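Asker: One structure, pasted below without further comment.
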Amino acid sequence: MTDIWQPVTLGKMTLPNRFVMAPMTRSRAQYDGTPGPLAAEYYAQRASVGLIVAEGTQPSADGQGYMMTPGIYTQAHIDGWQKVTSAVHAANGHIYIQLMHAGRMSHPDNTPHHRQAVAPSAIAPGTGMFTAKGMQDIPPPRALSTAEVRQTVQDFRHAAKCATEAGADGVEIHGANAYLIQQFFAPGANTRTDEYGGSIENRARFALEVAQAIAEEIGAERTAIRFSPGTTLWGIDEGADYPELYRYLMTELNKLGLSYVHIMHQGNDALLADIRRIWSGKLIINCPGRPREEIGHDVASGLADLEAYGQMILANPDFLVRLKADAPLNDADRMTFFGGDEKGYTDYPTL
């Protein structure tokens, strides 16, 4: 049996343990997308976990969905993230930046250019979005042309280059949670008739092209991807054949030699077992709401190589110390998850 406290090799890194801080949107960046002044402290406080995956970070102006989220496509963004990565490395930590294109999960009021959101098809998600004017319905997006889809692949490539220039140890492609890449997977959000729509192979094409481009740019050993198979967030429906889509994705991604695949497990145990079987690289599993007493079970069983945790690490910068001491955990303050200052961000007490 493997213990979650044991070191593990990830790409060219050796992590001291198999705990991962899951990416969590905090909406505390500056208006231009540069990480906020407290971001370096926030991440450095949690650097004792084996790997930090930083919050979803837009690879372009079109990629922004929410207010005050960070970007990684300008020199100002690079300079801002350099402060974060330097602080994490000074604390002997490791950090990947998650590249997140929101696609249709956006509102013009939240983006720097105030343009209509882009997506595989002009289909609205049927939900609202918080803006400076309060909650507003998300308007229908504009369908990307075939040429624009290919340009978006290059936007991801550029963002990955910027992330490594900023000192990130690697990048995690966000292919989960109803954002752009998963929108391509879902027939209800993707009605395209070009090579990016229709068949499983076509719906998976964009994700695979993004992974290939980034691996070429920064190295496969620094490139990772996250999925949430079967999620039904914000109108996403991947269809009855979605398990086959993910089996195909795993088979094709396995040829690239990526750093890891990160799965947010939605309950399809048979599919997860198939992913474990098909994918020969490192596998991170995140089970939202997992109780404390089950921490380490997936690593011990061999199902996962690492386990990701979100709110427990958000609320406990000394999460590992508390686990070892069997000490109580701070409760996460949901009212401070998005936006604000140090309250609920850098002020959680340690033992």
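Simple scheme: letters A, B, ... for chains in structure tokens order, numbers from 1 for residues in each chain, numbers from 1 for ligands in the order shown.
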Find the residues around Gln82 of chain A up to 8 Å (only C-alpha atoms counted), leave out those fewer than 6 positions away in its own chain, and share them as a PyMOL selection string.
Answerer: chain A and resi 166-168
Asker: Find the spatial neighbours of segment 66-69 of chain A, counting only C-alpha atoms, within a cut-off of 10 Å - ignore same-chain residues fewer than 4 positions away - and output them as a ChimeraX atom specification.
Answerer: /A:25-36,55-58,102,105-112,129-132,338-339
Asker: Keeping only N, CA, C and O atoms, write the selected residues to a file as a tab-separated table (two decimals), in the first residue's frame.
Answerer:
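result.tsv, freshly written:
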```tsv
chain	number	residue	atom	x	y	z
A	25	THR	N	-11.37	29.33	-7.51
A	25	THR	CA	-11.54	30.73	-7.86
A	25	THR	C	-11.75	31.55	-6.60
A	25	THR	O	-12.60	31.22	-5.77
A	26	ARG	N	-10.99	32.66	-6.45
A	26	ARG	CA	-11.12	33.52	-5.27
A	26	ARG	C	-11.50	34.95	-5.64
A	26	ARG	O	-11.82	35.75	-4.75
A	27	SER	N	-11.42	35.32	-6.92
A	27	SER	CA	-11.87	36.64	-7.41
A	27	SER	C	-11.26	37.80	-6.62
A	27	SER	O	-11.97	38.71	-6.18
A	28	ARG	N	-9.94	37.74	-6.47
A	28	ARG	CA	-9.25	38.81	-5.77
A	28	ARG	C	-8.12	39.42	-6.61
A	28	ARG	O	-7.23	40.08	-6.08
A	29	ALA	N	-8.16	39.18	-7.91
A	29	ALA	CA	-7.16	39.79	-8.79
A	29	ALA	C	-7.47	41.27	-8.99
A	29	ALA	O	-8.56	41.76	-8.66
A	30	GLN	N	-6.51	42.00	-9.55
A	30	GLN	CA	-6.74	43.38	-9.91
A	30	GLN	C	-7.57	43.43	-11.20
A	30	GLN	O	-7.77	42.43	-11.88
A	31	TYR	N	-8.05	44.63	-11.52
A	31	TYR	CA	-8.97	44.74	-12.66
A	31	TYR	C	-8.33	44.35	-13.98
A	31	TYR	O	-9.02	43.90	-14.91
A	32	ASP	N	-7.01	44.48	-14.09
A	32	ASP	CA	-6.35	44.11	-15.34
A	32	ASP	C	-5.97	42.64	-15.40
A	32	ASP	O	-5.36	42.18	-16.36
A	33	GLY	N	-6.34	41.87	-14.36
A	33	GLY	CA	-6.03	40.44	-14.33
A	33	GLY	C	-4.74	40.08	-13.65
A	33	GLY	O	-4.39	38.90	-13.55
A	34	THR	N	-4.01	41.07	-13.15
A	34	THR	CA	-2.79	40.79	-12.40
A	34	THR	C	-3.17	40.24	-11.02
A	34	THR	O	-4.09	40.77	-10.39
A	35	PRO	N	-2.51	39.18	-10.54
A	35	PRO	CA	-2.83	38.66	-9.21
A	35	PRO	C	-2.80	39.77	-8.16
A	35	PRO	O	-1.97	40.68	-8.22
A	36	GLY	N	-3.71	39.68	-7.20
A	36	GLY	CA	-3.82	40.71	-6.17
A	36	GLY	C	-2.64	40.72	-5.22
A	36	GLY	O	-1.82	39.80	-5.18
A	55	GLU	N	-5.65	28.98	-8.86
A	55	GLU	CA	-6.99	29.22	-9.36
A	55	GLU	C	-7.06	29.34	-10.88
A	55	GLU	O	-6.06	29.65	-11.54
A	56	GLY	N	-8.24	29.13	-11.45
A	56	GLY	CA	-8.45	29.25	-12.87
A	56	GLY	C	-8.03	30.62	-13.38
A	56	GLY	O	-8.47	31.65	-12.85
A	57	THR	N	-7.18	30.64	-14.40
A	57	THR	CA	-6.53	31.85	-14.88
A	57	THR	C	-6.74	31.96	-16.38
A	57	THR	O	-6.38	31.05	-17.14
A	58	GLN	N	-7.34	33.05	-16.83
A	58	GLN	CA	-7.73	33.14	-18.24
A	58	GLN	C	-6.50	33.29	-19.15
A	58	GLN	O	-5.57	34.04	-18.85
A	102	ALA	N	-13.34	30.39	-19.88
A	102	ALA	CA	-14.71	30.20	-19.40
A	102	ALA	C	-15.69	29.92	-20.54
A	102	ALA	O	-16.77	29.36	-20.31
A	105	MET	N	-19.60	30.69	-20.20
A	105	MET	CA	-19.84	31.03	-18.80
A	105	MET	C	-19.19	32.37	-18.48
A	105	MET	O	-18.24	32.48	-17.72
A	106	SER	N	-19.73	33.42	-19.11
A	106	SER	CA	-19.15	34.75	-19.02
A	106	SER	C	-20.23	35.79	-19.24
A	106	SER	O	-21.36	35.47	-19.65
A	107	HIS	N	-19.88	37.03	-18.95
A	107	HIS	CA	-20.78	38.16	-19.21
A	107	HIS	C	-19.93	39.31	-19.72
A	107	HIS	O	-18.83	39.54	-19.20
A	108	PRO	N	-20.39	40.05	-20.73
A	108	PRO	CA	-19.59	41.16	-21.27
A	108	PRO	C	-19.14	42.16	-20.22
A	108	PRO	O	-18.06	42.76	-20.35
A	109	ASP	N	-19.92	42.35	-19.16
A	109	ASP	CA	-19.54	43.32	-18.13
A	109	ASP	C	-18.30	42.88	-17.35
A	109	ASP	O	-17.66	43.71	-16.70
A	110	ASN	N	-17.97	41.60	-17.40
A	110	ASN	CA	-16.86	41.08	-16.60
A	110	ASN	C	-15.53	41.02	-17.35
A	110	ASN	O	-14.50	40.71	-16.75
A	111	THR	N	-15.54	41.25	-18.65
A	111	THR	CA	-14.33	41.09	-19.44
A	111	THR	C	-13.70	42.46	-19.74
A	111	THR	O	-14.40	43.48	-19.77
A	112	PRO	N	-12.39	42.51	-20.00
A	112	PRO	CA	-11.74	43.81	-20.23
A	112	PRO	C	-12.19	44.50	-21.50
A	112	PRO	O	-12.14	45.73	-21.59
A	129	MET	N	-25.01	35.27	-13.96
A	129	MET	CA	-23.60	35.55	-13.68
A	129	MET	C	-23.53	36.79	-12.81
A	129	MET	O	-24.22	37.79	-13.07
A	130	PHE	N	-22.71	36.74	-11.77
A	130	PHE	CA	-22.55	37.90	-10.90
A	130	PHE	C	-21.67	38.93	-11.60
A	130	PHE	O	-20.59	38.60	-12.11
A	131	THR	N	-22.12	40.17	-11.66
A	131	THR	CA	-21.37	41.27	-12.26
A	131	THR	C	-21.36	42.45	-11.28
A	131	THR	O	-21.98	42.40	-10.21
A	132	ALA	N	-20.70	43.51	-11.68
A	132	ALA	CA	-20.67	44.71	-10.83
A	132	ALA	C	-22.07	45.30	-10.66
A	132	ALA	O	-22.32	46.05	-9.71
A	338	PHE	N	-15.42	34.50	-2.56
A	338	PHE	CA	-15.21	35.26	-3.80
A	338	PHE	C	-15.13	36.75	-3.52
A	338	PHE	O	-16.08	37.36	-3.05
A	339	GLY	N	-13.97	37.33	-3.83
A	339	GLY	CA	-13.80	38.76	-3.67
A	339	GLY	C	-13.52	39.16	-2.23
A	339	GLY	O	-13.63	38.35	-1.30
```
Asker: Name all residues at most 12 Å from Ala122 of chain A (count only C-alpha atoms; drop same-chain ones fewer than 2 positions away) and give them as a list in words.
Answerer: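 After dropping sequence-adjacent residues, the list is Gly103, Arg104, Gln116, Ala117, Val118, Ala119, Pro120, Ala124, Pro125, Ile138, Pro139, Pro140, Pro141, Arg142, Ala143, Leu144, Ser145, Gln183, Gly188, Ala189, Asn190, Thr191 and Arg192 of chain A.
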Asker: Which of these, A:Leu256, A:Met1, A:Leu208, A:Ile72, has the shortest distance to His158 of chain A once you count only C-alpha atoms?
Answerer: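 The shortest atom-to-atom distance to His158 of chain A comes from A:Ile72.
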Asker: Go through segment 14-111 of chain A and collect every residue that DSSP, computed from the backbone, puts in helix (DSSP H, G or I); the answer should be as a list in words.
Answerer: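 Those in segment 14-111 of chain A that DSSP calls helix (DSSP H, G or I) are Ala39, Ala40, Glu41, Tyr42, Tyr43, Ala44, Gln45, Ala61, Asp62, Gly63, Gln75, Ala76, His77, Ile78, Asp79, Gly80, Trp81, Gln82, Lys83, Val84, Thr85, Ser86, Ala87, Val88, His89, Ala90, Pro108, Asp109 and Asn110 of chain A.
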Asker: Can you pull out the residues contacting Ser86 of chain A? Cut-off 10 Å, using only C-alpha atoms, and skip same-chain residues under 5 positions away; I want them as a list of chain:residue names.
Answerer: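 The contact residues come out as A:Ala40, A:Ala44, A:Trp81, A:Ala91, A:Asn92, A:Gly93, A:His94, A:Ile95, A:Ala166, A:Gly167, A:Ala168.
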